[in-house]
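K.L.:
structure.cif (mmCIF, C-alpha atoms, pLDDT in the B column; chains and numbers go by the auth columns) pasted underneath:
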data_coords
loop_
_atom_site.group_PDB
_atom_site.id
_atom_site.type_symbol
_atom_site.label_atom_id
_atom_site.label_comp_id
_atom_site.label_asym_id
_atom_site.label_seq_id
_atom_site.Cartn_x
_atom_site.Cartn_y
_atom_site.Cartn_z
_atom_site.B_iso_or_equiv
_atom_site.auth_seq_id
_atom_site.auth_asym_id
ATOM 1 C CA MET A 1 26.818 0.242 -202.039 69.00 172 A
ATOM 2 C CA ALA A 2 25.742 3.020 -199.656 83.00 173 A
ATOM 3 C CA ARG A 3 28.583 5.458 -200.169 93.00 174 A
ATOM 4 C CA PRO A 4 28.544 8.383 -197.732 97.00 175 A
ATOM 5 C CA ARG A 5 27.791 11.866 -199.008 97.00 176 A
ATOM 6 C CA ARG A 6 30.584 13.329 -196.898 98.00 177 A
ATOM 7 C CA ILE A 7 33.871 12.108 -195.469 98.00 178 A
ATOM 8 C CA VAL A 8 35.191 14.665 -192.996 98.00 179 A
ATOM 9 C CA LEU A 9 38.805 14.553 -191.775 98.00 180 A
ATOM 10 C CA VAL A 10 39.881 16.585 -188.739 99.00 181 A
ATOM 11 C CA ARG A 11 43.290 17.012 -187.191 98.00 182 A
ATOM 12 C CA HIS A 12 43.399 17.080 -183.384 98.00 183 A
ATOM 13 C CA GLY A 13 43.547 20.378 -181.531 98.00 184 A
ATOM 14 C CA GLU A 14 46.776 21.820 -180.207 98.00 185 A
ATOM 15 C CA SER A 15 48.515 19.389 -177.856 98.00 186 A
ATOM 16 C CA THR A 16 51.168 19.880 -175.211 97.00 187 A
ATOM 17 C CA GLY A 17 53.688 18.473 -177.683 95.00 188 A
ATOM 18 C CA ASN A 18 52.824 21.170 -180.223 96.00 189 A
ATOM 19 C CA VAL A 19 53.913 23.909 -177.815 97.00 190 A
ATOM 20 C CA ASP A 20 56.786 22.175 -175.993 93.00 191 A
ATOM 21 C CA ASP A 21 58.686 19.445 -177.804 87.00 192 A
ATOM 22 C CA SER A 22 60.637 18.575 -174.665 89.00 193 A
ATOM 23 C CA VAL A 23 57.498 16.884 -173.330 92.00 194 A
ATOM 24 C CA TYR A 24 58.266 13.876 -175.543 89.00 195 A
ATOM 25 C CA GLU A 25 61.208 13.149 -173.224 88.00 196 A
ATOM 26 C CA ARG A 26 58.830 12.741 -170.269 91.00 197 A
ATOM 27 C CA GLU A 27 55.548 11.454 -171.689 94.00 198 A
ATOM 28 C CA PRO A 28 54.613 8.946 -174.403 94.00 199 A
ATOM 29 C CA ASP A 29 53.382 10.548 -177.617 95.00 200 A
ATOM 30 C CA HIS A 30 50.051 8.731 -177.411 97.00 201 A
ATOM 31 C CA ALA A 31 49.390 10.144 -173.914 97.00 202 A
ATOM 32 C CA LEU A 32 49.806 13.853 -174.723 97.00 203 A
ATOM 33 C CA ALA A 33 46.740 15.930 -173.900 98.00 204 A
ATOM 34 C CA LEU A 34 45.188 18.966 -175.512 98.00 205 A
ATOM 35 C CA THR A 35 46.170 22.387 -174.234 98.00 206 A
ATOM 36 C CA GLU A 36 43.479 24.850 -173.174 98.00 207 A
ATOM 37 C CA ARG A 37 43.856 26.451 -176.596 98.00 208 A
ATOM 38 C CA GLY A 38 43.531 23.005 -178.179 98.00 209 A
ATOM 39 C CA TRP A 39 40.226 22.432 -176.392 98.00 210 A
ATOM 40 C CA ARG A 40 38.928 25.792 -177.653 98.00 211 A
ATOM 41 C CA GLN A 41 40.059 24.984 -181.183 98.00 212 A
ATOM 42 C CA ALA A 42 38.294 21.623 -181.063 98.00 213 A
ATOM 43 C CA GLU A 43 35.098 23.153 -179.688 98.00 214 A
ATOM 44 C CA GLU A 44 35.037 25.735 -182.500 98.00 215 A
ATOM 45 C CA THR A 45 35.565 23.024 -185.107 98.00 216 A
ATOM 46 C CA GLY A 46 32.855 20.986 -183.384 98.00 217 A
ATOM 47 C CA LYS A 47 30.355 23.764 -184.078 98.00 218 A
ATOM 48 C CA ARG A 48 31.127 23.539 -187.791 98.00 219 A
ATOM 49 C CA VAL A 49 30.983 19.747 -187.764 98.00 220 A
ATOM 50 C CA ARG A 50 27.565 19.758 -186.071 98.00 221 A
ATOM 51 C CA GLU A 51 26.278 22.266 -188.641 98.00 222 A
ATOM 52 C CA ILE A 52 27.490 20.066 -191.496 98.00 223 A
ATOM 53 C CA PHE A 53 25.979 16.842 -190.160 98.00 224 A
ATOM 54 C CA GLY A 54 22.770 18.292 -188.763 98.00 225 A
ATOM 55 C CA GLN A 55 20.551 15.442 -187.608 98.00 226 A
ATOM 56 C CA GLU A 56 22.141 12.888 -189.935 98.00 227 A
ATOM 57 C CA ARG A 57 23.898 9.767 -188.684 98.00 228 A
ATOM 58 C CA VAL A 58 27.695 9.653 -188.617 98.00 229 A
ATOM 59 C CA SER A 59 30.199 6.813 -188.630 98.00 230 A
ATOM 60 C CA VAL A 60 33.147 8.050 -186.557 98.00 231 A
ATOM 61 C CA TYR A 61 36.707 6.686 -186.546 98.00 232 A
ATOM 62 C CA VAL A 62 39.194 8.101 -184.052 98.00 233 A
ATOM 63 C CA SER A 63 42.917 7.579 -183.594 98.00 234 A
ATOM 64 C CA PRO A 64 43.724 5.866 -180.251 98.00 235 A
ATOM 65 C CA TYR A 65 45.748 8.854 -179.021 98.00 236 A
ATOM 66 C CA ARG A 66 44.558 10.919 -176.062 98.00 237 A
ATOM 67 C CA ARG A 67 44.590 14.196 -178.023 98.00 238 A
ATOM 68 C CA THR A 68 42.327 12.801 -180.756 98.00 239 A
ATOM 69 C CA HIS A 69 39.871 11.330 -178.235 98.00 240 A
ATOM 70 C CA GLU A 70 39.769 14.667 -176.426 98.00 241 A
ATOM 71 C CA THR A 71 39.215 16.474 -179.725 98.00 242 A
ATOM 72 C CA LEU A 72 36.266 14.225 -180.538 98.00 243 A
ATOM 73 C CA ARG A 73 34.851 14.748 -177.045 98.00 244 A
ATOM 74 C CA ALA A 74 35.029 18.515 -177.557 98.00 245 A
ATOM 75 C CA PHE A 75 32.825 18.224 -180.662 98.00 246 A
ATOM 76 C CA HIS A 76 29.809 17.453 -178.430 98.00 247 A
ATOM 77 C CA LEU A 77 28.172 15.252 -181.079 98.00 248 A
ATOM 78 C CA ASP A 78 24.784 13.730 -180.337 98.00 249 A
ATOM 79 C CA PRO A 79 25.534 10.208 -179.013 98.00 250 A
ATOM 80 C CA ASP A 80 22.298 8.935 -180.564 98.00 251 A
ATOM 81 C CA LEU A 81 23.515 9.899 -184.043 98.00 252 A
ATOM 82 C CA ILE A 82 27.081 8.599 -183.984 98.00 253 A
ATOM 83 C CA ARG A 83 28.791 5.218 -184.106 97.00 254 A
ATOM 84 C CA VAL A 84 32.342 5.568 -182.750 98.00 255 A
ATOM 85 C CA ARG A 85 35.177 3.159 -183.446 98.00 256 A
ATOM 86 C CA GLU A 86 38.758 3.551 -182.277 98.00 257 A
ATOM 87 C CA GLU A 87 41.008 2.918 -185.278 98.00 258 A
ATOM 88 C CA PRO A 88 44.728 2.303 -184.533 98.00 259 A
ATOM 89 C CA ARG A 89 45.642 2.586 -188.219 98.00 260 A
ATOM 90 C CA LEU A 90 44.826 6.305 -188.026 98.00 261 A
ATOM 91 C CA ARG A 91 47.450 6.934 -185.315 98.00 262 A
ATOM 92 C CA GLU A 92 50.330 9.393 -185.566 97.00 263 A
ATOM 93 C CA GLN A 93 53.548 8.461 -187.326 96.00 264 A
ATOM 94 C CA ASP A 94 55.679 6.466 -184.897 94.00 265 A
ATOM 95 C CA TRP A 95 58.946 8.255 -184.112 89.00 266 A
ATOM 96 C CA GLY A 96 60.186 5.693 -181.608 83.00 267 A
ATOM 97 C CA ASN A 97 59.474 5.514 -177.869 85.00 268 A
ATOM 98 C CA TRP A 98 61.022 8.058 -175.509 78.00 269 A
ATOM 99 C CA GLN A 99 62.317 10.869 -177.690 80.00 270 A
ATOM 100 C CA ASP A 100 65.373 13.026 -177.130 83.00 271 A
ATOM 101 C CA ARG A 101 64.459 16.548 -178.257 82.00 272 A
ATOM 102 C CA ASP A 102 67.820 17.394 -179.829 87.00 273 A
ATOM 103 C CA ASP A 103 67.976 14.052 -181.625 85.00 274 A
ATOM 104 C CA VAL A 104 64.451 14.462 -182.987 82.00 275 A
ATOM 105 C CA ARG A 105 65.301 17.932 -184.263 86.00 276 A
ATOM 106 C CA LEU A 106 68.330 16.459 -186.011 89.00 277 A
ATOM 107 C CA GLN A 107 66.241 13.634 -187.471 88.00 278 A
ATOM 108 C CA LYS A 108 63.708 16.160 -188.771 88.00 279 A
ATOM 109 C CA THR A 109 66.540 17.967 -190.556 92.00 280 A
ATOM 110 C CA TYR A 110 67.562 14.661 -192.128 91.00 281 A
ATOM 111 C CA ARG A 111 63.931 14.009 -193.081 90.00 282 A
ATOM 112 C CA ASP A 112 63.623 17.410 -194.774 88.00 283 A
ATOM 113 C CA ALA A 113 66.696 16.623 -196.855 91.00 284 A
ATOM 114 C CA TYR A 114 65.823 12.975 -197.553 93.00 285 A
ATOM 115 C CA GLY A 115 62.081 13.382 -198.176 91.00 286 A
ATOM 116 C CA HIS A 116 59.122 13.087 -195.792 92.00 287 A
ATOM 117 C CA PHE A 117 57.612 10.103 -197.573 96.00 288 A
ATOM 118 C CA PHE A 118 60.656 7.825 -197.590 96.00 289 A
ATOM 119 C CA PHE A 119 62.643 8.872 -194.505 95.00 290 A
ATOM 120 C CA ARG A 120 62.251 6.426 -191.634 94.00 291 A
ATOM 121 C CA PHE A 121 62.845 7.596 -188.081 90.00 292 A
ATOM 122 C CA PRO A 122 65.178 5.270 -186.177 88.00 293 A
ATOM 123 C CA GLN A 123 62.991 2.740 -184.311 86.00 294 A
ATOM 124 C CA GLY A 124 59.986 4.417 -185.963 92.00 295 A
ATOM 125 C CA GLU A 125 58.089 4.696 -189.225 96.00 296 A
ATOM 126 C CA SER A 126 58.504 6.355 -192.577 96.00 297 A
ATOM 127 C CA GLY A 127 55.719 8.220 -194.324 97.00 298 A
ATOM 128 C CA ALA A 128 55.532 5.226 -196.664 98.00 299 A
ATOM 129 C CA ASP A 129 54.821 2.951 -193.681 98.00 300 A
ATOM 130 C CA VAL A 130 51.964 5.198 -192.589 98.00 301 A
ATOM 131 C CA TYR A 131 50.679 5.252 -196.171 98.00 302 A
ATOM 132 C CA ASP A 132 50.462 1.449 -196.118 98.00 303 A
ATOM 133 C CA ARG A 133 48.430 1.270 -192.915 98.00 304 A
ATOM 134 C CA VAL A 134 46.173 4.134 -193.978 98.00 305 A
ATOM 135 C CA GLY A 135 45.648 2.217 -197.218 98.00 306 A
ATOM 136 C CA GLY A 136 44.653 -0.849 -195.213 98.00 307 A
ATOM 137 C CA PHE A 137 42.135 1.256 -193.305 98.00 308 A
ATOM 138 C CA LEU A 138 40.715 2.576 -196.578 98.00 309 A
ATOM 139 C CA GLU A 139 40.084 -0.967 -197.771 97.00 310 A
ATOM 140 C CA SER A 140 38.158 -1.659 -194.553 98.00 311 A
ATOM 141 C CA LEU A 141 36.263 1.600 -194.967 98.00 312 A
ATOM 142 C CA PHE A 142 35.213 0.692 -198.501 96.00 313 A
ATOM 143 C CA ARG A 143 33.936 -2.668 -197.290 97.00 314 A
ATOM 144 C CA SER A 144 31.839 -0.896 -194.664 97.00 315 A
ATOM 145 C CA PHE A 145 30.062 1.012 -197.450 96.00 316 A
ATOM 146 C CA GLU A 146 28.523 -2.280 -198.574 95.00 317 A
ATOM 147 C CA ALA A 147 26.133 -2.165 -195.618 94.00 318 A
ATOM 148 C CA PRO A 148 22.788 -0.862 -196.931 91.00 319 A
ATOM 149 C CA ASP A 149 22.236 1.161 -193.752 93.00 320 A
ATOM 150 C CA HIS A 150 25.682 2.799 -193.709 96.00 321 A
ATOM 151 C CA PRO A 151 25.426 6.361 -192.330 97.00 322 A
ATOM 152 C CA PRO A 152 25.521 9.181 -194.896 97.00 323 A
ATOM 153 C CA ASN A 153 28.537 10.729 -193.148 98.00 324 A
ATOM 154 C CA VAL A 154 31.994 9.550 -192.086 98.00 325 A
ATOM 155 C CA LEU A 155 34.177 11.459 -189.622 98.00 326 A
ATOM 156 C CA LEU A 156 37.871 10.719 -189.085 98.00 327 A
ATOM 157 C CA VAL A 157 39.590 12.373 -186.108 99.00 328 A
ATOM 158 C CA THR A 158 43.264 11.851 -186.704 98.00 329 A
ATOM 159 C CA HIS A 159 46.624 13.551 -187.341 98.00 330 A
ATOM 160 C CA GLY A 160 47.992 15.872 -189.998 98.00 331 A
ATOM 161 C CA LEU A 161 50.203 13.363 -191.794 97.00 332 A
ATOM 162 C CA ALA A 162 47.473 10.728 -191.822 98.00 333 A
ATOM 163 C CA MET A 163 45.059 13.260 -193.344 98.00 334 A
ATOM 164 C CA ARG A 164 47.440 14.027 -196.201 98.00 335 A
ATOM 165 C CA LEU A 165 48.190 10.355 -196.788 98.00 336 A
ATOM 166 C CA PHE A 166 44.482 9.447 -196.725 98.00 337 A
ATOM 167 C CA CYS A 167 43.851 11.982 -199.479 98.00 338 A
ATOM 168 C CA MET A 168 46.981 10.875 -201.341 98.00 339 A
ATOM 169 C CA ARG A 169 45.693 7.313 -201.444 98.00 340 A
ATOM 170 C CA TRP A 170 42.096 8.310 -202.208 98.00 341 A
ATOM 171 C CA PHE A 171 42.893 10.719 -205.053 98.00 342 A
ATOM 172 C CA HIS A 172 45.955 8.807 -206.338 97.00 343 A
ATOM 173 C CA TRP A 173 48.366 11.663 -205.763 97.00 344 A
ATOM 174 C CA THR A 174 52.013 11.042 -206.555 96.00 345 A
ATOM 175 C CA VAL A 175 54.782 11.088 -203.976 97.00 346 A
ATOM 176 C CA ALA A 176 55.991 14.366 -205.485 96.00 347 A
ATOM 177 C CA GLU A 177 52.552 15.900 -204.971 96.00 348 A
ATOM 178 C CA PHE A 178 52.456 14.663 -201.373 97.00 349 A
ATOM 179 C CA GLU A 179 55.906 16.091 -200.667 95.00 350 A
ATOM 180 C CA SER A 180 54.773 19.537 -201.845 96.00 351 A
ATOM 181 C CA LEU A 181 51.909 19.789 -199.330 97.00 352 A
ATOM 182 C CA SER A 182 51.870 21.074 -195.759 96.00 353 A
ATOM 183 C CA ASN A 183 50.022 19.555 -192.843 96.00 354 A
ATOM 184 C CA PRO A 184 46.741 21.213 -191.891 98.00 355 A
ATOM 185 C CA GLY A 185 46.743 23.288 -188.720 98.00 356 A
ATOM 186 C CA ASN A 186 45.450 22.039 -185.400 98.00 357 A
ATOM 187 C CA ALA A 187 41.701 21.270 -185.498 98.00 358 A
ATOM 188 C CA GLU A 188 41.610 22.057 -189.227 98.00 359 A
ATOM 189 C CA MET A 189 39.138 20.130 -191.329 98.00 360 A
ATOM 190 C CA ARG A 190 39.031 18.787 -194.863 98.00 361 A
ATOM 191 C CA MET A 191 35.942 17.242 -196.447 98.00 362 A
ATOM 192 C CA LEU A 192 35.469 14.829 -199.332 98.00 363 A
ATOM 193 C CA VAL A 193 32.111 15.527 -200.939 98.00 364 A
ATOM 194 C CA LEU A 194 30.261 13.089 -203.218 98.00 365 A
ATOM 195 C CA GLY A 195 29.155 14.753 -206.457 97.00 366 A
ATOM 196 C CA ASP A 196 26.323 13.973 -208.841 95.00 367 A
ATOM 197 C CA ASP A 197 28.877 12.258 -211.102 95.00 368 A
ATOM 198 C CA GLY A 198 29.635 9.708 -208.377 94.00 369 A
ATOM 199 C CA LYS A 199 33.109 11.146 -207.695 96.00 370 A
ATOM 200 C CA TYR A 200 34.455 12.761 -204.560 98.00 371 A
ATOM 201 C CA THR A 201 36.088 16.171 -204.514 98.00 372 A
ATOM 202 C CA LEU A 202 38.112 17.838 -201.766 98.00 373 A
ATOM 203 C CA ASN A 203 36.392 20.943 -200.438 98.00 374 A
ATOM 204 C CA GLN A 204 39.660 22.738 -199.665 97.00 375 A
ATOM 205 C CA PRO A 205 43.189 22.021 -200.896 97.00 376 A
ATOM 206 C CA PHE A 206 46.115 21.559 -198.553 98.00 377 A
ATOM 207 C CA ASP A 207 48.554 24.460 -198.432 97.00 378 A
ATOM 208 C CA ARG A 208 51.518 23.964 -200.756 96.00 379 A
ATOM 209 C CA TRP A 209 54.984 24.990 -199.660 92.00 380 A
ATOM 210 C CA ARG A 210 56.667 24.248 -202.992 90.00 381 A
ATOM 211 C CA ASP A 211 55.884 23.017 -206.499 92.00 382 A
ATOM 212 C CA PRO A 212 55.934 19.223 -206.972 93.00 383 A
ATOM 213 C CA GLU A 213 59.263 17.871 -208.235 89.00 384 A
ATOM 214 C CA PRO A 214 58.514 14.547 -209.961 89.00 385 A
ATOM 215 C CA TYR A 215 61.182 12.278 -211.404 85.00 386 A
ATOM 216 C CA TRP A 216 58.961 11.666 -214.418 79.00 387 A
ATOM 217 C CA MET A 217 55.442 12.266 -215.637 67.00 388 A
ATOM 218 C CA SER A 218 52.797 10.039 -214.063 60.00 389 A
ATOM 219 C CA GLY A 219 49.490 9.264 -215.759 51.00 390 A
#
Let me see the file written as structure tokens.

P.N.:
Amino acid sequence: MARPRRIVLVRHGESTGNVDDSVYEREPDHALALTERGWRQAEETGKRVREIFGQERVSVYVSPYRRTHETLRAFHLDPDLIRVREEPRLREQDWGNWQDRDDVRLQKTYRDAYGHFFFRFPQGESGADVYDRVGGFLESLFRSFEAPDHPPNVLLVTHGLAMRLFCMRWFHWTVAEFESLSNPGNAEMRMLVLGDDGKYTLNQPFDRWRDPEPYWMSG
């Protein structure tokens, strides 16, 4: 199995929805574009990504949203070194279709009280639903490692929640651990690095906004 040396996860740059949540009343979530600041953020992250990969080949998976495609475009990766696949299972959590700003703010308050992993937005998804589809993607990713010529690098351009849930599934974190972590900032990166012992480690932890509160001890 040709396991990659690095698996890099990047959240999209700042989008119009990150600066004005009323835009969700006028435009579909998947169609929101990067702001000028978001493009600059993505270009700066792209410099780091290019330094990490050098002249090595990269298998790229990108969420089907406009802001993630634009983020990837801003990386200016060498097209001869990358294999790009759009991956719908890496999309943002579905909060329903057209969104009323005041209702979404109310639902977020309910989510904070109920728990981000289990709360399901009306006509949308819960964190647990996203966990399941990210888990399905991980199974496909593992199967791709069986190819003897698999690139030594994997790049996922996705969303903050999907990044946390990917790592939760990979490292077998508990729900309580997940609930204690914050999303990365726009265009922030996390990297899973393969060690000499055959295990992956996370190069940088997610910020923690509280201590985990488990119901019981998990092994």

K.L.:
For range 340-344 of chain A, find every residue with an atom within 12 Å (counting all atoms listed in the file), except residues of its own chain fewer than 6 positions away, and show them as a VMD selection string.

P.N.:
chain A and resid 178 299 301 to 310 312 to 313 333 to 334 350 to 352 363 370 to 373 383 385 389 to 390

K.L.:
Show which residues sit within 8 Å of range 210-225 of chain A, as a VMD selection string. Count only C-alpha atoms, and ignore same-chain residues fewer than 2 positions away.

P.N.:
chain A and resid 183 to 185 205 to 208 227 to 229 241 to 243 245 to 248 324 357 to 360

K.L.:
Expand the PyMOL selection byres ((chain A and resi 269-275) around 9) into the individual residues it matches in the shown file, reporting them as a list in words.

P.N.:
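That expression, the PyMOL selection byres ((chain A and resi 269-275) around 9), corresponds here to Asp192, Ser193, Val194, Tyr195, Glu196, Arg197, Glu198, Pro199, Asp200, Trp266, Gly267, Asn268, Arg276, Leu277, Gln278, Lys279, Thr280 and Phe292 of chain A.
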
K.L.:
So that I can see what lies close to Arg237 in chain A, please list as a PDB file with C-alpha atoms, keeping the file's coordinate frame the residues with an atom at most 8 Å from it, counting all atoms listed in the file and leaving out residues fewer than 5 positions away in the same chain.

P.N.:
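Result file follows (result10.pdb):
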ATOM      1  CA  HIS A 201      50.051   8.731-177.411  1.00 97.00           C
ATOM      2  CA  ALA A 202      49.390  10.144-173.914  1.00 97.00           C
ATOM      3  CA  LEU A 203      49.806  13.853-174.723  1.00 97.00           C
ATOM      4  CA  ALA A 204      46.740  15.930-173.900  1.00 98.00           C
TER       5      ALA A 204
END

K.L.:
If we count all atoms listed in the file and set the cut-off at 12 Å, which residues sit around Tyr386 in chain A, ignoring sequence neighbours fewer than 6 positions away in its own chain? Please answer as a ChimeraX atom specification.

P.N.:
/A:345-348

K.L.:
One decimal, in Å: what's the spacing between CA of Phe349 in chain A and CA of Asp367 in chain A?

P.N.:
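CA of Asp367 in chain A lies at a distance of 27.2 Å from CA of Phe349 in chain A.
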
K.L.:
One number please: CA of Pro323 in chain A to CA of Gln264 in chain A, in Å, one decimal.

P.N.:
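Taking CA of Pro323 in chain A as the start and CA of Gln264 in chain A as the end point, the length is 29.0 Å.
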
K.L.:
Would you please work out which residue, of A:Leu365, A:Cys338, A:Val181, A:Val328, is nearest to Tyr236 in chain A when using all atoms listed in the file?

P.N.:
A:Val328

K.L.:
Rounded to one decimal place, report the CA of Leu252 in chain A-CA of Gln226 in chain A distance in Å.

P.N.:
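Between CA of Leu252 in chain A and CA of Gln226 in chain A the gap works out to 7.2 Å.
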
K.L.:
Up to 8 Å from (58.4, 7.9, -200.7) in the file's coordinates: name the residues, counting all atoms listed in the file, as a PDB file with C-alpha atoms, in the frame of the given file.

P.N.:
ATOM      1  CA  GLY A 286      62.081  13.382-198.176  1.00 91.00           C
ATOM      2  CA  HIS A 287      59.122  13.087-195.792  1.00 92.00           C
ATOM      3  CA  PHE A 288      57.612  10.103-197.573  1.00 96.00           C
ATOM      4  CA  PHE A 289      60.656   7.825-197.590  1.00 96.00           C
ATOM      5  CA  PHE A 290      62.643   8.872-194.505  1.00 95.00           C
ATOM      6  CA  GLY A 298      55.719   8.220-194.324  1.00 97.00           C
ATOM      7  CA  ALA A 299      55.532   5.226-196.664  1.00 98.00           C
ATOM      8  CA  VAL A 346      54.782  11.088-203.976  1.00 97.00           C
TER       9      VAL A 346
END
